[in-house]
Amino acid sequence: MSEGPPAVVITGASGDVGSATAHAFAQAGYRVVAGYRSQQAAAQALVEALPGSGHTAVHIDVTDRGSLDALRDHVTADIGSLDVLVNNAGFTEYVPHDDLDGLSDDLFDRIFQTNTRGAFAASRALLPLLKREPGGLIVHLSSIAGITGQGSNVAYCASKAALDSMTRSLARALAPDVRVVSVAPGLIDGPYAENLDPSYVEAQRQGTPLGRLASSTDVAAAILSVARDLTFSTGCIIPVDGGRPVA
């Protein structure tokens, strides 16, 4: 580990899962770099509410190489090395799977640009810092949609399947210096679910063997566990879905 508290960068930290993940890592003694794309005020409020000290809110646009280079320079100057990168930034819009014309080329590309290429670009930019100390870790926030093919739209499902494949490829390529793991939740009971048809959300809840949807804290706990407890795991996809695929 690096000298002083371990450090984590979380992209998309101002959102529901990102915020819960920031709190989980801060509570565990990590110094948190909370990335935001547009919600600067929310990210700043988040870091001010975290336990511990030394947390910062930093603009991170995973679709922009210059933003990621600036992030690397910031972490290098402010911390010196990095223990964990959580690729949490994501994007989607609801389009019925049978509405092929509704899934425009532009939307398809934007989803992959953020969900898949963005995770790769952030990993590439911060890899030198992750390799400075033993035990570096990259966690990709995936989804069971990458396995089930059921999600907000066809491109979203495909982007998460691609992300899981990239997890396996990078785990092999970066071993033994850096571990790479996907954490794959089902539908999360939060702001996104609140905007869906209540009957659809209830069907998902009823169809989950454990009888409820995932919470953001469930997902955050799994991500922290990968960092703190599952230290001999790499190249795998860890579900946080209540058993939804076996229902």
# chains A, B, ... in the order shown; residues from 1 in each chain; ligands from 1
>>> residues_around(residues="segment 42-58 of chain A", least_positions_apart="4", cutoff="12 Å", atoms="only C-alpha atoms", output="VMD selection string")
chain A and resid 4 to 16 18 to 38 67 to 68 70 to 75 78 to 79
>>> residues_around(residues="Ala171 of chain A", least_positions_apart="6", cutoff="9 Å", atoms="only C-alpha atoms", output="PyMOL selection string")
chain A and resi 178-181+234-236
>>> residues_around(residues="Gly149 of chain A", least_positions_apart="5", cutoff="12 Å", atoms="only C-alpha atoms", output="NGL selection string")
:A and (97 or 143-144 or 154-162 or 186 or 245)
>>> select_by_dssp(residues="segment 1-243 of chain A", states="helix (DSSP H, G or I)", output="tab-separated table (two decimals) with C-alpha atoms, in the first residue's frame")
chain	number	residue	atom	x	y	z
A	16	ASP	CA	-26.40	7.12	-5.98
A	17	VAL	CA	-23.99	4.17	-6.17
A	18	GLY	CA	-20.93	6.40	-6.45
A	19	SER	CA	-21.87	8.32	-3.32
A	20	ALA	CA	-22.52	5.13	-1.34
A	21	THR	CA	-19.20	3.74	-2.52
A	22	ALA	CA	-17.38	6.91	-1.48
A	23	HIS	CA	-18.89	6.67	2.01
A	24	ALA	CA	-17.98	2.97	2.30
A	25	PHE	CA	-14.33	3.55	1.36
A	26	ALA	CA	-14.00	6.68	3.51
A	27	GLN	CA	-15.42	4.78	6.49
A	40	GLN	CA	-19.87	19.75	-9.06
A	41	ALA	CA	-21.98	20.98	-6.15
A	42	ALA	CA	-23.18	17.47	-5.34
A	43	ALA	CA	-19.64	16.09	-5.49
A	44	GLN	CA	-18.31	18.85	-3.25
A	45	ALA	CA	-21.10	18.27	-0.74
A	46	LEU	CA	-20.28	14.57	-0.81
A	47	VAL	CA	-16.60	14.98	0.05
A	48	GLU	CA	-17.45	17.43	2.83
A	49	ALA	CA	-19.77	14.82	4.36
A	65	ARG	CA	-8.54	12.11	-22.84
A	66	GLY	CA	-7.49	15.54	-21.60
A	67	SER	CA	-9.73	15.24	-18.54
A	68	LEU	CA	-8.23	11.86	-17.67
A	69	ASP	CA	-4.68	13.14	-18.15
A	70	ALA	CA	-5.50	16.02	-15.78
A	71	LEU	CA	-6.89	13.51	-13.27
A	72	ARG	CA	-3.68	11.49	-13.42
A	73	ASP	CA	-1.62	14.63	-12.87
A	74	HIS	CA	-3.80	15.64	-9.93
A	75	VAL	CA	-3.50	12.26	-8.20
A	76	THR	CA	0.23	12.17	-8.88
A	77	ALA	CA	0.79	15.59	-7.33
A	78	ASP	CA	-1.68	15.27	-4.46
A	105	ASP	CA	-26.69	5.35	-33.82
A	106	ASP	CA	-25.78	8.37	-31.70
A	107	LEU	CA	-27.32	6.92	-28.53
A	108	PHE	CA	-25.70	3.54	-29.19
A	109	ASP	CA	-22.29	5.18	-29.56
A	110	ARG	CA	-22.72	7.41	-26.49
A	111	ILE	CA	-23.56	4.41	-24.32
A	112	PHE	CA	-20.47	2.48	-25.43
A	113	GLN	CA	-18.31	5.59	-25.27
A	114	THR	CA	-19.07	6.05	-21.58
A	115	ASN	CA	-19.78	2.55	-20.28
A	116	THR	CA	-17.07	0.61	-22.07
A	117	ARG	CA	-14.49	2.85	-23.70
A	118	GLY	CA	-14.62	5.26	-20.76
A	119	ALA	CA	-13.74	2.51	-18.28
A	120	PHE	CA	-10.83	1.43	-20.46
A	121	ALA	CA	-9.60	5.00	-20.91
A	122	ALA	CA	-9.70	5.73	-17.17
A	123	SER	CA	-7.88	2.48	-16.43
A	124	ARG	CA	-5.22	3.26	-19.03
A	125	ALA	CA	-4.69	6.79	-17.70
A	126	LEU	CA	-4.32	5.73	-14.05
A	127	LEU	CA	-2.47	2.45	-14.58
A	128	PRO	CA	1.00	3.92	-13.86
A	129	LEU	CA	-0.25	5.09	-10.45
A	130	LEU	CA	-1.94	1.75	-9.69
A	145	ALA	CA	-27.84	-7.05	-17.98
A	146	GLY	CA	-24.52	-8.03	-19.53
A	147	ILE	CA	-25.39	-11.67	-18.83
A	148	THR	CA	-29.19	-11.74	-19.07
A	154	VAL	CA	-30.01	-3.36	-26.27
A	155	ALA	CA	-26.89	-1.17	-26.38
A	156	TYR	CA	-26.73	-0.92	-22.59
A	157	CYS	CA	-26.80	-4.72	-22.23
A	158	ALA	CA	-24.15	-5.06	-24.91
A	159	SER	CA	-21.95	-2.40	-23.30
A	160	LYS	CA	-21.97	-4.25	-19.98
A	161	ALA	CA	-21.23	-7.59	-21.67
A	162	ALA	CA	-18.28	-5.90	-23.38
A	163	LEU	CA	-17.18	-4.45	-20.05
A	164	ASP	CA	-17.17	-7.92	-18.47
A	165	SER	CA	-15.13	-9.28	-21.36
A	166	MET	CA	-12.69	-6.40	-20.91
A	167	THR	CA	-12.47	-7.25	-17.21
A	168	ARG	CA	-11.22	-10.73	-18.09
A	169	SER	CA	-8.79	-9.44	-20.73
A	170	LEU	CA	-7.31	-6.73	-18.51
A	171	ALA	CA	-7.08	-9.07	-15.53
A	172	ARG	CA	-4.88	-11.37	-17.58
A	173	ALA	CA	-2.88	-8.53	-19.11
A	174	LEU	CA	-2.21	-6.62	-15.88
A	191	PRO	CA	-33.36	7.35	-8.49
A	192	TYR	CA	-33.26	5.40	-11.78
A	193	ALA	CA	-35.85	2.85	-10.64
A	194	GLU	CA	-38.10	5.65	-9.41
A	198	PRO	CA	-43.90	1.03	-11.07
A	199	SER	CA	-45.41	-2.23	-12.33
A	200	TYR	CA	-42.11	-3.13	-14.02
A	201	VAL	CA	-40.14	-2.36	-10.87
A	202	GLU	CA	-42.51	-4.43	-8.76
A	203	ALA	CA	-42.23	-7.34	-11.20
A	204	GLN	CA	-38.45	-7.18	-10.84
A	205	ARG	CA	-38.77	-7.15	-7.07
A	206	GLN	CA	-41.20	-10.06	-7.02
A	216	SER	CA	-26.72	1.33	-3.41
A	217	THR	CA	-25.19	0.27	-0.09
A	218	ASP	CA	-25.34	-3.39	-1.19
A	219	VAL	CA	-23.31	-2.49	-4.25
A	220	ALA	CA	-20.87	-0.31	-2.32
A	221	ALA	CA	-20.30	-3.09	0.22
A	222	ALA	CA	-19.47	-5.52	-2.59
A	223	ILE	CA	-16.98	-3.10	-4.16
A	224	LEU	CA	-15.27	-2.49	-0.82
A	225	SER	CA	-15.17	-6.23	-0.17
A	226	VAL	CA	-13.32	-6.79	-3.45
A	227	ALA	CA	-10.71	-4.29	-2.28
A	228	ARG	CA	-10.45	-5.36	1.34
>>> closest_residue(among="A:Gly136, A:Asn87, A:Ser81, A:Ala214", to="Val62 of chain A", atoms="only C-alpha atoms")
A:Asn87
>>> select_by_dssp(residues="segment 70-140 of chain A", states="strand (DSSP E or B)", output="ChimeraX atom specification")
/A:84-87,136-140
>>> atom_distance(atom1="atom CA of Gly90 of chain A", atom2="atom CA of Thr63 of chain A")
10.7 Å
>>> closest_residue(among="A:Ser104, A:Asn88, A:Ser215, A:Thr208", to="Asn153 of chain A", atoms="only C-alpha atoms")
A:Ser104
>>> atom_distance(atom1="atom CA of Leu141 of chain A", atom2="atom CA of Val84 of chain A")
13.1 Å
>>> atom_distance(atom1="atom CA of Ser152 of chain A", atom2="atom CA of Pro96 of chain A")
7.3 Å
